[in-house]
Amino acid sequence: MKILVANLGSTSFKYSLYDMDGEKLLARGRVERIGDESSPCQITIGDFKKEENVSAPNHGVAVRECLRQLTDPQTGCLKSADEIAGIGFKAVFAKGYTGVQPVTDDLLAAMEEFNAVLPAHNPPYVRAMRMLKQELPEIPLVAAFETGFHQNIPDRNRYYGVPFEWAEQYGVRRYGFHGASHRYIATRCREIFGEDKRIVSCHLGGSSSVCAIADGMSRCSSMGGSPQTGLMNNNRCGDFDPFWCSYLMKKLNVSLDELLQTLATKSGLLGVSGVSGDVRDIAEKRDAGDDRCRLALEVLVGDVRRYIGASLVELGGADVISFAGGIGEYRYDVREAALNGLEELGIVLDKEANRKALGVEAEISAPTSRIKVYVLPTNEEIIVGRQTKALLESKK
């Protein structure tokens, strides 16, 4: 069964094509600047790589263009688009829905219900998925929600200290995100150790979260009711006291929507550093003596340490601490700072192994460490592919 795994942005379409019968990656590609006069399009099939500019006024046309390249008689890997059994989406959040769902009009309406909670995620996904339903009616569409991995967290970790009716009537609860990544880490640890372990999974990238995992399931997550919460992200604030909002609205003479836009797009690493939301840029400036860049990285590390600590308490200890995501997989300095001075908790880093582990799976804990520490490059796409395949097979 061949599954196309889609990652949608407001003006981009990225994809991976898998033969799920052997979980073999057949192709990957992307179309960017959708809606512009000219859209860069890249595709990689084995050793074949091609980059060109195409006309992609919308996501539907972009997907059609990718299908044309995948079925090219000379360089493609498919005889026809009919070989694609379904398109799986790493969807984020919908009111009343979680897990893996077929994309229906009701589902899209439920995603729109939470547009205000996920302004950077749901609107472009809904637009693109609705368009693809119209443009590609012959291909089933499946949404694998990031909240699905967290749906069994205990109620004590799900409810806010707000009027209970808000949770029951409006869905105001903690949910957790990055589910595909944390699910992959739980699965990979089971493969490595032959059994489920207590895991503190640190997904650190442009968007970051820490998840406590036991028995292969999420027990708590740093992210709550939206991806804006928890750790500081590249341009999102993370945890923020809501009572500052009224004060800032008056001081800045802005509306609530304008303030939330700042918290969601001009805050986080970008806001503190004043330079960039990219850790690479910030680290370069820090090393050149920029104090705000130093502070930005220290705040990020402080957030990671705080949630690692909370996860250890929730799990009653841990067997594994893992790092994934662009920062988690490549920034040895962030990993070292996050675990510095935790020897009494049974966490001892092998600093040389840590510095060598850049984008590769590796153990980076010392032999004396009671808790194993690993760099585990994540694979969210294969998780979505597996979930899509399972749902389509259940519908046969």
# chains A, B, ... in the order shown; residues from 1 in each chain; ligands from 1

call {"tool": "closest_atom_pairs", "arguments": {"of": "segment 129-243 of chain A", "to": "segment 343-364 of chain A", "cutoff": "12 Å", "atoms": "only C-alpha atoms", "output": "JSON lines"}}
result
{"residue": "A:Ile185", "atom": "CA", "partner": "A:Glu361", "partner_atom": "CA", "distance": 11.3}
{"residue": "A:Arg188", "atom": "CA", "partner": "A:Glu361", "partner_atom": "CA", "distance": 10.5}
{"residue": "A:Cys189", "atom": "CA", "partner": "A:Glu361", "partner_atom": "CA", "distance": 11.3}
{"residue": "A:Ile192", "atom": "CA", "partner": "A:Glu361", "partner_atom": "CA", "distance": 11.0}

call {"tool": "residues_around", "arguments": {"residues": "Ile84 of chain A", "least_positions_apart": "4", "cutoff": "7 Å", "atoms": "only C-alpha atoms", "output": "VMD selection string"}}
result
chain A and resid 2 to 4

call {"tool": "closest_residue", "arguments": {"among": "A:Ile34, A:Leu339, A:Leu263, A:Ile382", "to": "Ala128 of chain A", "atoms": "only C-alpha atoms"}}
result
A:Ile34

call {"tool": "residues_around", "arguments": {"residues": "Glu113 of chain A", "least_positions_apart": "4", "cutoff": "12 Å", "atoms": "only C-alpha atoms", "output": "JSON, numbers by chain"}}
result
{"A": [93, 94, 95, 96, 97, 106, 107, 108, 109, 117, 118, 119, 122, 123, 126, 170, 171]}

call {"tool": "write_last_selection", "arguments": {"atoms": "C-alpha atoms", "output": "mmCIF file, in the first residue's frame"}}
result
data_model
loop_
_atom_site.group_PDB
_atom_site.id
_atom_site.type_symbol
_atom_site.label_atom_id
_atom_site.label_comp_id
_atom_site.auth_asym_id
_atom_site.auth_seq_id
_atom_site.Cartn_x
_atom_site.Cartn_y
_atom_site.Cartn_z
ATOM 1 C CA PHE A 93 -6.306 19.878 16.630
ATOM 2 C CA ALA A 94 -10.092 19.706 16.225
ATOM 3 C CA LYS A 95 -12.946 20.155 18.671
ATOM 4 C CA GLY A 96 -14.346 16.766 19.642
ATOM 5 C CA TYR A 97 -11.969 14.773 17.418
ATOM 6 C CA ASP A 106 -17.743 17.696 9.756
ATOM 7 C CA LEU A 107 -14.109 17.141 10.676
ATOM 8 C CA LEU A 108 -13.002 20.275 8.841
ATOM 9 C CA ALA A 109 -15.717 22.269 10.597
ATOM 10 C CA VAL A 117 -6.570 28.518 19.408
ATOM 11 C CA LEU A 118 -4.270 27.432 16.560
ATOM 12 C CA PRO A 119 -4.130 30.436 14.220
ATOM 13 C CA ASN A 122 -5.609 25.057 11.517
ATOM 14 C CA PRO A 123 -6.586 27.715 8.943
ATOM 15 C CA VAL A 126 -8.433 23.398 6.608
ATOM 16 C CA TYR A 170 -16.025 24.246 25.270
ATOM 17 C CA GLY A 171 -13.214 21.703 25.443
#

call {"tool": "residues_around", "arguments": {"residues": "segment 233-239 of chain A", "least_positions_apart": "2", "cutoff": "12 Å", "atoms": "only C-alpha atoms", "output": "PyMOL selection string"}}
result
chain A and resi 118-120+203-209+222-231+241-242+244+259-282+296-297+299-301+303-304+306-307+326-327

call {"tool": "write_last_selection", "arguments": {"atoms": "C-alpha atoms", "output": "compact mmCIF listing (two decimals), in the first residue's frame"}}
result
# COMPACT_ATOMS: atom_id res chain seq x y z
CA LEU A 118 -4.27 27.43 16.56
CA PRO A 119 -4.13 30.44 14.22
CA ALA A 120 -0.89 29.34 12.56
CA HIS A 203 11.27 17.21 21.03
CA LEU A 204 13.27 20.39 20.53
CA GLY A 205 13.07 22.35 17.29
CA GLY A 206 11.29 25.35 15.84
CA SER A 207 8.44 24.10 17.99
CA SER A 208 9.36 22.23 21.19
CA SER A 209 7.75 20.06 23.84
CA SER A 222 4.56 20.47 28.42
CA MET A 223 2.07 21.73 25.81
CA GLY A 224 -1.45 22.35 27.05
CA GLY A 225 -4.47 23.56 25.10
CA SER A 226 -2.47 24.97 22.20
CA PRO A 227 1.03 24.71 20.69
CA GLN A 228 1.67 28.23 22.03
CA THR A 229 2.19 26.87 25.57
CA GLY A 230 4.96 25.03 27.40
CA LEU A 231 8.54 25.61 26.31
CA ASP A 241 0.70 34.53 32.61
CA PRO A 242 -2.64 35.64 31.05
CA TRP A 244 -0.21 40.33 31.77
CA LEU A 259 -1.28 41.10 21.42
CA LEU A 260 -1.88 37.41 20.76
CA GLN A 261 -0.37 37.84 17.30
CA THR A 262 2.80 39.21 18.92
CA LEU A 263 2.91 36.35 21.43
CA ALA A 264 2.49 33.82 18.61
CA THR A 265 4.82 35.29 15.96
CA LYS A 266 7.29 37.77 17.47
CA SER A 267 8.10 36.18 20.82
CA GLY A 268 10.03 33.11 21.97
CA LEU A 269 13.65 32.92 20.91
CA LEU A 270 13.08 35.70 18.40
CA GLY A 271 11.53 38.01 20.95
CA VAL A 272 14.18 37.53 23.63
CA SER A 273 17.21 37.53 21.33
CA GLY A 274 16.00 40.28 19.01
CA VAL A 275 18.05 38.54 16.33
CA SER A 276 16.35 35.38 15.09
CA GLY A 277 14.18 32.45 16.05
CA ASP A 278 16.85 30.06 14.77
CA VAL A 279 19.16 28.63 17.44
CA ARG A 280 22.06 28.53 14.98
CA ASP A 281 21.90 32.28 14.42
CA ILE A 282 21.43 32.97 18.12
CA ALA A 296 17.53 33.54 24.96
CA LEU A 297 19.36 30.22 25.01
CA VAL A 299 15.68 30.71 28.95
CA LEU A 300 15.14 27.86 26.48
CA VAL A 301 17.40 25.54 28.47
CA ASP A 303 12.31 25.62 30.19
CA VAL A 304 13.66 22.23 29.08
CA ARG A 306 11.86 22.53 34.26
CA TYR A 307 9.78 20.11 32.21
CA GLY A 326 16.34 19.99 14.85
CA ILE A 327 17.71 21.36 18.13

call {"tool": "residues_around", "arguments": {"residues": "Ser55 of chain A", "least_positions_apart": "2", "cutoff": "7 Å", "atoms": "only C-alpha atoms", "output": "MDAnalysis selection string"}}
result
chainID A and resid 37:39 57

call {"tool": "residues_around", "arguments": {"residues": "segment 149-154 of chain A", "least_positions_apart": "5", "cutoff": "7 Å", "atoms": "only C-alpha atoms", "output": "ChimeraX atom specification"}}
result
/A:175-176,179,183,217-220

call {"tool": "closest_residue", "arguments": {"among": "A:Ser221, A:Gln134, A:Ser322, A:Gln69", "to": "Phe177 of chain A", "atoms": "only C-alpha atoms"}}
result
A:Ser221

call {"tool": "atom_distance", "arguments": {"atom1": "atom CA of Gly309 of chain A", "atom2": "atom CA of Tyr330 of chain A"}}
result
22.2 Å

call {"tool": "residues_around", "arguments": {"residues": "Leu78 of chain A", "least_positions_apart": "5", "cutoff": "12 Å", "atoms": "only C-alpha atoms", "output": "list of chain:residue names"}}
result
A:Lys2, A:Ile3, A:Leu4, A:Leu17, A:Tyr18, A:Asp19, A:Leu26, A:Ala27, A:Ile45, A:Cys66, A:Leu67, A:Arg68, A:Gln69, A:Leu70, A:Thr71, A:Asp72, A:Pro73, A:Glu83, A:Ile84

call {"tool": "select_by_dssp", "arguments": {"residues": "segment 114-182 of chain A", "states": "strand (DSSP E or B)", "output": "VMD selection string"}}
result
chain A and resid 141 to 144

call {"tool": "write_last_selection", "arguments": {"atoms": "C-alpha atoms", "output": "compact mmCIF listing (two decimals), in the first residue's frame"}}
result
# COMPACT_ATOMS: atom_id res chain seq x y z
CA LEU A 141 -7.73 11.80 2.87
CA VAL A 142 -6.84 10.89 6.47
CA ALA A 143 -6.07 13.21 9.39
CA ALA A 144 -3.73 11.87 12.09

call {"tool": "atom_distance", "arguments": {"atom1": "atom CA of Arg174 of chain A", "atom2": "atom CA of Phe114 of chain A"}}
result
13.7 Å

call {"tool": "select_by_dssp", "arguments": {"residues": "segment 123-269 of chain A", "states": "alpha helix (DSSP H)", "output": "PyMOL selection string"}}
result
chain A and resi 123-135+164-170+179-193+243-252+256-265+268-269
